[in-house]
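J.: File follows, start_22.tsv with TSV, C-alpha atoms:
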chain	number	residue	atom	x	y	z
N	1	MET	CA	17.91	30.63	17.02
N	2	LYS	CA	17.37	27.29	15.27
N	3	PHE	CA	15.14	24.76	17.03
N	4	HIS	CA	15.56	21.05	16.43
N	5	LYS	CA	12.15	19.51	15.76
N	6	LYS	CA	12.74	16.42	17.91
N	7	ARG	CA	14.08	18.46	20.83
N	8	VAL	CA	11.02	20.70	20.74
N	9	GLU	CA	8.77	17.62	20.79
N	10	MET	CA	10.66	16.17	23.75
N	11	LEU	CA	10.45	19.47	25.63
N	12	ALA	CA	6.70	19.57	24.98
N	13	LEU	CA	6.33	16.06	26.40
N	14	TYR	CA	8.22	16.96	29.58
N	15	ILE	CA	6.23	20.18	30.06
N	16	THR	CA	2.94	18.31	29.58
N	17	ALA	CA	3.96	15.59	32.04
N	18	PHE	CA	4.95	18.25	34.59
N	19	ALA	CA	1.62	20.02	34.11
N	20	LEU	CA	-0.23	16.74	34.72
N	21	ILE	CA	1.67	16.18	37.97
N	22	ILE	CA	0.84	19.70	39.18
N	23	THR	CA	-2.83	19.17	38.28
N	24	MET	CA	-3.00	15.90	40.21
N	25	PHE	CA	-1.28	17.46	43.24
N	26	TYR	CA	-3.71	20.38	43.27
N	27	MET	CA	-6.73	18.08	43.04
N	28	VAL	CA	-5.53	15.88	45.91
N	29	LYS	CA	-4.65	18.88	48.09
N	30	ASN	CA	-8.08	20.43	47.62
N	31	GLU	CA	-10.13	17.28	47.76
N	32	GLU	CA	-11.99	18.54	50.86
N	33	THR	CA	-13.73	21.10	48.64
N	34	TYR	CA	-15.41	18.31	46.73
N	35	HIS	CA	-18.82	16.98	47.81
N	36	TYR	CA	-19.52	13.30	48.27
N	37	GLY	CA	-21.20	13.07	44.90
N	38	GLU	CA	-18.10	14.42	43.20
N	39	GLU	CA	-15.70	11.82	44.63
N	40	LYS	CA	-16.13	9.57	41.63
N	41	ILE	CA	-15.20	12.44	39.34
N	42	LEU	CA	-12.11	13.13	41.45
N	43	VAL	CA	-11.00	9.48	41.39
N	44	THR	CA	-11.62	9.27	37.65
N	45	ALA	CA	-9.67	12.46	37.03
N	46	ILE	CA	-6.70	11.29	39.13
N	47	THR	CA	-6.70	7.92	37.36
N	48	LEU	CA	-6.77	9.66	33.99
N	49	VAL	CA	-3.87	11.92	34.97
N	50	CYS	CA	-1.81	8.91	36.12
N	51	CYS	CA	-2.53	7.04	32.91
N	52	LEU	CA	-1.58	10.03	30.77
N	53	PHE	CA	1.63	10.55	32.71
N	54	THR	CA	2.55	6.87	32.33
N	55	PHE	CA	1.84	7.08	28.59
N	56	TYR	CA	4.06	10.13	28.17
N	57	TYR	CA	6.81	8.58	30.27
N	58	ILE	CA	6.84	5.43	28.13
N	59	LEU	CA	6.73	7.53	24.95
N	60	VAL	CA	9.75	9.56	26.08
N	61	ILE	CA	11.73	6.40	26.91
N	62	VAL	CA	10.91	4.77	23.56
N	63	ARG	CA	11.76	7.88	21.56
N	64	ASN	CA	15.14	8.16	23.29
N	65	ASN	CA	16.21	4.63	22.40
N	66	PRO	CA	17.38	3.75	18.87
N	67	SER	CA	15.22	1.09	17.29
N	68	VAL	CA	17.33	0.36	14.19
N	69	HIS	CA	21.12	-0.10	14.30
N	70	ILE	CA	23.19	0.41	11.15
N	71	PHE	CA	26.88	-0.42	10.74
N	72	ILE	CA	29.12	0.82	7.92
N	73	SER	CA	31.80	-1.61	6.70
N	74	TYR	CA	34.47	-0.11	4.44
N	75	SER	CA	38.12	0.01	3.43
N	76	LEU	CA	40.23	2.83	4.87
N	77	ASN	CA	40.95	3.95	1.30
N	78	ASP	CA	37.22	4.69	0.96
N	79	LYS	CA	36.94	6.61	4.21
N	80	ASP	CA	35.78	9.81	2.51
N	81	THR	CA	32.76	8.00	1.09
N	82	ALA	CA	32.08	6.31	4.43
N	83	ALA	CA	32.14	9.72	6.11
N	84	ILE	CA	29.63	11.12	3.61
N	85	ILE	CA	27.32	8.17	4.24
N	86	TYR	CA	27.64	8.45	8.02
N	87	ASN	CA	27.16	12.22	8.13
N	88	THR	CA	24.25	12.21	5.67
N	89	LEU	CA	22.37	9.40	7.44
N	90	THR	CA	22.82	10.82	10.95
N	91	GLU	CA	21.66	14.22	9.70
N	92	GLN	CA	18.70	13.03	7.63
N	93	PHE	CA	17.14	10.33	9.81
N	94	PRO	CA	15.92	12.79	12.50
N	95	ARG	CA	14.57	15.10	9.78
N	96	LEU	CA	12.79	12.44	7.77
N	97	SER	CA	11.40	10.09	10.40
N	98	LYS	CA	10.03	9.78	13.93
N	99	TYR	CA	11.83	6.44	14.19
N	100	ARG	CA	15.25	6.21	15.82
N	101	PHE	CA	18.31	5.04	13.90
N	102	ALA	CA	21.80	4.54	15.34
N	103	VAL	CA	24.64	4.56	12.80
N	104	THR	CA	28.06	3.20	13.77
N	105	TRP	CA	31.45	2.83	12.09
N	106	ASP	CA	35.03	2.60	13.30
N	107	GLU	CA	35.06	6.33	14.14
N	108	THR	CA	32.34	5.80	16.77
N	109	ILE	CA	34.50	3.38	18.78
N	110	PRO	CA	35.00	4.96	22.23
N	111	LEU	CA	38.55	5.78	23.32
N	112	GLY	CA	40.16	2.99	25.31
N	113	GLU	CA	38.00	0.23	23.80
N	114	GLU	CA	39.45	-2.75	21.95
N	115	ILE	CA	38.94	-2.07	18.24
N	116	ASN	CA	38.26	-5.56	16.85
N	117	LYS	CA	36.00	-6.55	19.72
N	118	THR	CA	34.01	-3.32	19.49
N	119	LEU	CA	33.60	-3.67	15.72
N	120	GLN	CA	32.30	-7.20	16.23
N	121	ASP	CA	29.88	-5.87	18.85
N	122	PHE	CA	28.70	-3.20	16.38
N	123	ILE	CA	28.09	-5.87	13.75
N	124	LYS	CA	26.37	-8.21	16.19
N	125	ARG	CA	24.01	-5.42	17.29
N	126	ALA	CA	23.37	-4.15	13.76
N	127	ASP	CA	20.06	-4.69	12.00
N	128	VAL	CA	21.54	-3.47	8.72
N	129	VAL	CA	25.14	-3.43	7.46
N	130	ILE	CA	26.12	-1.03	4.70
N	131	VAL	CA	29.08	-2.53	2.81
N	132	ILE	CA	31.05	-0.07	0.69
N	133	VAL	CA	32.31	-2.32	-2.10
N	134	SER	CA	35.46	-1.38	-4.01
N	135	SER	CA	38.59	-3.09	-5.29
N	136	THR	CA	40.46	-2.04	-2.13
N	137	TYR	CA	37.72	-3.56	0.03
N	138	ILE	CA	37.87	-6.81	-1.92
N	139	ASN	CA	41.67	-7.02	-1.72
N	140	SER	CA	41.84	-6.22	2.01
N	141	THR	CA	42.19	-9.21	4.32
N	142	ALA	CA	40.75	-7.23	7.22
N	143	CYS	CA	37.71	-6.23	5.15
N	144	GLN	CA	37.20	-9.80	3.96
N	145	ASN	CA	37.24	-11.00	7.57
N	146	GLU	CA	34.77	-8.30	8.54
N	147	PHE	CA	32.50	-9.21	5.62
N	148	ASN	CA	32.62	-12.90	6.60
N	149	TRP	CA	31.63	-11.93	10.15
N	150	VAL	CA	28.68	-9.94	8.78
N	151	PHE	CA	27.61	-12.84	6.59
N	152	ALA	CA	28.04	-15.38	9.40
N	153	ASN	CA	25.74	-13.32	11.60
N	154	GLU	CA	23.11	-13.29	8.82
N	155	LYS	CA	22.83	-9.53	8.72
N	156	LYS	CA	20.82	-7.61	6.16
N	157	ILE	CA	23.38	-6.18	3.72
N	158	ILE	CA	23.07	-3.03	1.62
N	159	PRO	CA	25.96	-2.94	-0.87
N	160	VAL	CA	27.23	0.47	-1.93
N	161	VAL	CA	29.13	0.05	-5.21
N	162	LEU	CA	31.94	2.51	-5.91
N	163	GLU	CA	33.43	1.06	-9.10
N	164	SER	CA	31.56	-1.80	-10.77
N	165	TYR	CA	28.63	-4.13	-10.12
N	166	ASP	CA	30.96	-7.00	-11.00
N	167	ASP	CA	32.72	-6.40	-7.67
N	168	LEU	CA	29.71	-7.83	-5.87
N	169	SER	CA	30.59	-11.29	-7.18
N	170	ARG	CA	34.26	-10.92	-6.16
N	171	LEU	CA	33.53	-10.72	-2.44
N	172	PRO	CA	34.09	-13.78	-0.19
N	173	ARG	CA	30.37	-14.43	-0.65
N	174	ASN	CA	28.62	-13.55	-3.90
N	175	ILE	CA	26.01	-10.86	-3.23
N	176	SER	CA	25.39	-9.84	-6.84
N	177	ASN	CA	21.70	-10.78	-6.39
N	178	ILE	CA	21.25	-8.08	-3.73
N	179	LYS	CA	20.05	-4.66	-4.87
N	180	ALA	CA	22.88	-2.19	-4.42
N	181	LEU	CA	23.32	1.57	-4.29
N	182	PRO	CA	25.33	2.56	-7.40
N	183	LEU	CA	27.45	5.45	-6.15
N	184	TYR	CA	29.78	4.98	-9.12
N	185	GLU	CA	27.17	6.87	-11.13
N	186	CYS	CA	27.75	10.03	-9.07
N	187	LYS	CA	30.01	12.77	-10.38
N	188	SER	CA	30.22	14.80	-7.18
N	189	ASP	CA	29.76	14.58	-3.41
N	190	GLU	CA	26.45	16.44	-3.80
N	191	GLU	CA	25.14	13.69	-6.07
N	192	LYS	CA	26.33	11.08	-3.58
N	193	GLU	CA	24.39	12.81	-0.82
N	194	LYS	CA	21.22	12.70	-2.94
N	195	TYR	CA	21.64	8.95	-3.49
N	196	ILE	CA	22.30	8.41	0.21
N	197	ILE	CA	19.21	10.41	1.17
N	198	GLU	CA	17.17	8.09	-1.05
N	199	MET	CA	18.74	5.15	0.77
N	200	ALA	CA	17.72	6.72	4.09
N	201	LYS	CA	14.14	7.11	2.85
N	202	ASP	CA	14.11	3.48	1.73
N	203	LEU	CA	15.32	2.33	5.17
N	204	ILE	CA	12.57	4.39	6.79
N	205	ARG	CA	9.95	2.79	4.52
N	206	GLN	CA	11.26	-0.64	5.44
N	207	ARG	CA	11.08	0.31	9.12
N	208	LYS	CA	7.43	1.32	8.72
N	209	ASP	CA	6.60	-1.99	7.04
Output the structure of this file as structure tokens.
T.:
Amino acid sequence: MKFHKKRVEMLALYITAFALIITMFYMVKNEETYHYGEEKILVTAITLVCCLFTFYYILVIVRNNPSVHIFISYSLNDKDTAAIIYNTLTEQFPRLSKYRFAVTWDETIPLGEEINKTLQDFIKRADVVIVIVSSTYINSTACQNEFNWVFANEKKIIPVVLESYDDLSRLPRNISNIKALPLYECKSDEEKEKYIIEMAKDLIRQRKD
């Protein structure tokens, strides 16, 4: 049976918190066994237990909430690459970091939700936007509009170049001065995954800073 590291940590936190509650309950229930001189020790112990429980509770809440939101902007013709990026990031972030990352793209839009509005919400919430740049992205009116929305919201952009660095200057806004991930150098999906893992590590380093 394979255990997920983060799930084991969460389970340990819950078990520890439960143990602290039981300890406090036992001490309160049996307080008559303590002498007057030991009351200060009892009060101190109960206070310590409460503080530890509060700490663990806050830690659990924080660890369950994503701290960095990432949105992937791409042309439908490049969906295979977008899927590799999404799958690799969502798989690697929990393995590589204690920090929480939430990755969204059009496939994470819930059923019944308005597509354009939800995409705009994703972008508005995003801390980082990964833009998969290709000739089809540049020539797509929908992608141009999405890129303009990203730029208007002053989002941090990570360009992923599929064909040529020159494409960065052909976007509605020139972003050729931004360091990009050159996926056009990759000969296989395995190589792409390696590049994307390095991007994940770089995002984690930036999060630490």
J.: Between atom CA of Ile175 of chain N and atom CA of Tyr137 of chain N, what distance in Å does the model show, to one decimal?
T.: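 Atom CA of Tyr137 of chain N lies 14.2 Å from atom CA of Ile175 of chain N.
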J.: Go ahead and compute the interatomic distance for atom CA of Glu185 of chain N and atom CA of Ile130 of chain N, in Å to one decimal.
T.: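 Separating atom CA of Glu185 of chain N from atom CA of Ile130 of chain N is a distance of 17.7 Å.
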J.: Suppose you want the space between atom CA of Ile84 of chain N and atom CA of Phe101 of chain N; what is it in Å?
T.: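 Calculated distance between atom CA of Ile84 of chain N and atom CA of Phe101 of chain N is 16.5 Å.
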J.: With a distance cut-off of 8 Å and only C-alpha atoms, select the neighbouring residues of Ser73 of chain N, excluding the residue or stretch itself and same-chain residues fewer than 6 positions from it, and output the selection as a PyMOL selection string.
T.: chain N and resi 105+129-132+143+146-147
J.: Contacts of segment 75-80 of chain N at 10 Å or less, counting only C-alpha atoms, minus same-chain residues fewer than 3 places along, as a list in words?
T.: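 Once the adjacent positions are removed, what remains is Ala83, Ile84, Ile85, Tyr86, Asp106, Val131, Ile132, Val133, Ser134, Ser135, Thr136, Tyr137, Ile138, Asn139, Ser140, Ala142, Cys143, Gln144, Leu162 and Asp189 of chain N.
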J.: Counting all atoms listed in the file, what is within 12 Å of segment 181-183 of chain N, bar same-chain residues fewer than 2 positions away, as an mmCIF file with C-alpha atoms, in the coordinates of the input?
T.:
data_model
loop_
_atom_site.group_PDB
_atom_site.id
_atom_site.type_symbol
_atom_site.label_atom_id
_atom_site.label_comp_id
_atom_site.auth_asym_id
_atom_site.auth_seq_id
_atom_site.Cartn_x
_atom_site.Cartn_y
_atom_site.Cartn_z
ATOM 1 C CA THR N 81 32.760 8.000 1.090
ATOM 2 C CA ALA N 82 32.080 6.310 4.430
ATOM 3 C CA ILE N 84 29.630 11.120 3.610
ATOM 4 C CA ILE N 85 27.320 8.170 4.240
ATOM 5 C CA ILE N 130 26.120 -1.030 4.700
ATOM 6 C CA VAL N 131 29.080 -2.530 2.810
ATOM 7 C CA ILE N 132 31.050 -0.070 0.690
ATOM 8 C CA VAL N 133 32.310 -2.320 -2.100
ATOM 9 C CA SER N 134 35.460 -1.380 -4.010
ATOM 10 C CA ILE N 157 23.380 -6.180 3.720
ATOM 11 C CA ILE N 158 23.070 -3.030 1.620
ATOM 12 C CA PRO N 159 25.960 -2.940 -0.870
ATOM 13 C CA VAL N 160 27.230 0.470 -1.930
ATOM 14 C CA VAL N 161 29.130 0.050 -5.210
ATOM 15 C CA LEU N 162 31.940 2.510 -5.910
ATOM 16 C CA GLU N 163 33.430 1.060 -9.100
ATOM 17 C CA SER N 164 31.560 -1.800 -10.770
ATOM 18 C CA TYR N 165 28.630 -4.130 -10.120
ATOM 19 C CA ASP N 166 30.960 -7.000 -11.000
ATOM 20 C CA ASP N 167 32.720 -6.400 -7.670
ATOM 21 C CA LEU N 168 29.710 -7.830 -5.870
ATOM 22 C CA SER N 176 25.390 -9.840 -6.840
ATOM 23 C CA ILE N 178 21.250 -8.080 -3.730
ATOM 24 C CA LYS N 179 20.050 -4.660 -4.870
ATOM 25 C CA GLU N 185 27.170 6.870 -11.130
ATOM 26 C CA CYS N 186 27.750 10.030 -9.070
ATOM 27 C CA LYS N 187 30.010 12.770 -10.380
ATOM 28 C CA SER N 188 30.220 14.800 -7.180
ATOM 29 C CA ASP N 189 29.760 14.580 -3.410
ATOM 30 C CA GLU N 190 26.450 16.440 -3.800
ATOM 31 C CA GLU N 191 25.140 13.690 -6.070
ATOM 32 C CA LYS N 192 26.330 11.080 -3.580
ATOM 33 C CA GLU N 193 24.390 12.810 -0.820
ATOM 34 C CA LYS N 194 21.220 12.700 -2.940
ATOM 35 C CA TYR N 195 21.640 8.950 -3.490
ATOM 36 C CA ILE N 196 22.300 8.410 0.210
ATOM 37 C CA ILE N 197 19.210 10.410 1.170
ATOM 38 C CA GLU N 198 17.170 8.090 -1.050
ATOM 39 C CA MET N 199 18.740 5.150 0.770
ATOM 40 C CA ALA N 200 17.720 6.720 4.090
ATOM 41 C CA ASP N 202 14.110 3.480 1.730
#
J.: Find, counting all atoms listed in the file, the residue in N:Glu114, N:Asp127, N:Asp121, N:Glu91 that gets nearest to Glu154 of chain N.
T.: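 The answer is N:Asp127, which sits nearest to Glu154 of chain N.
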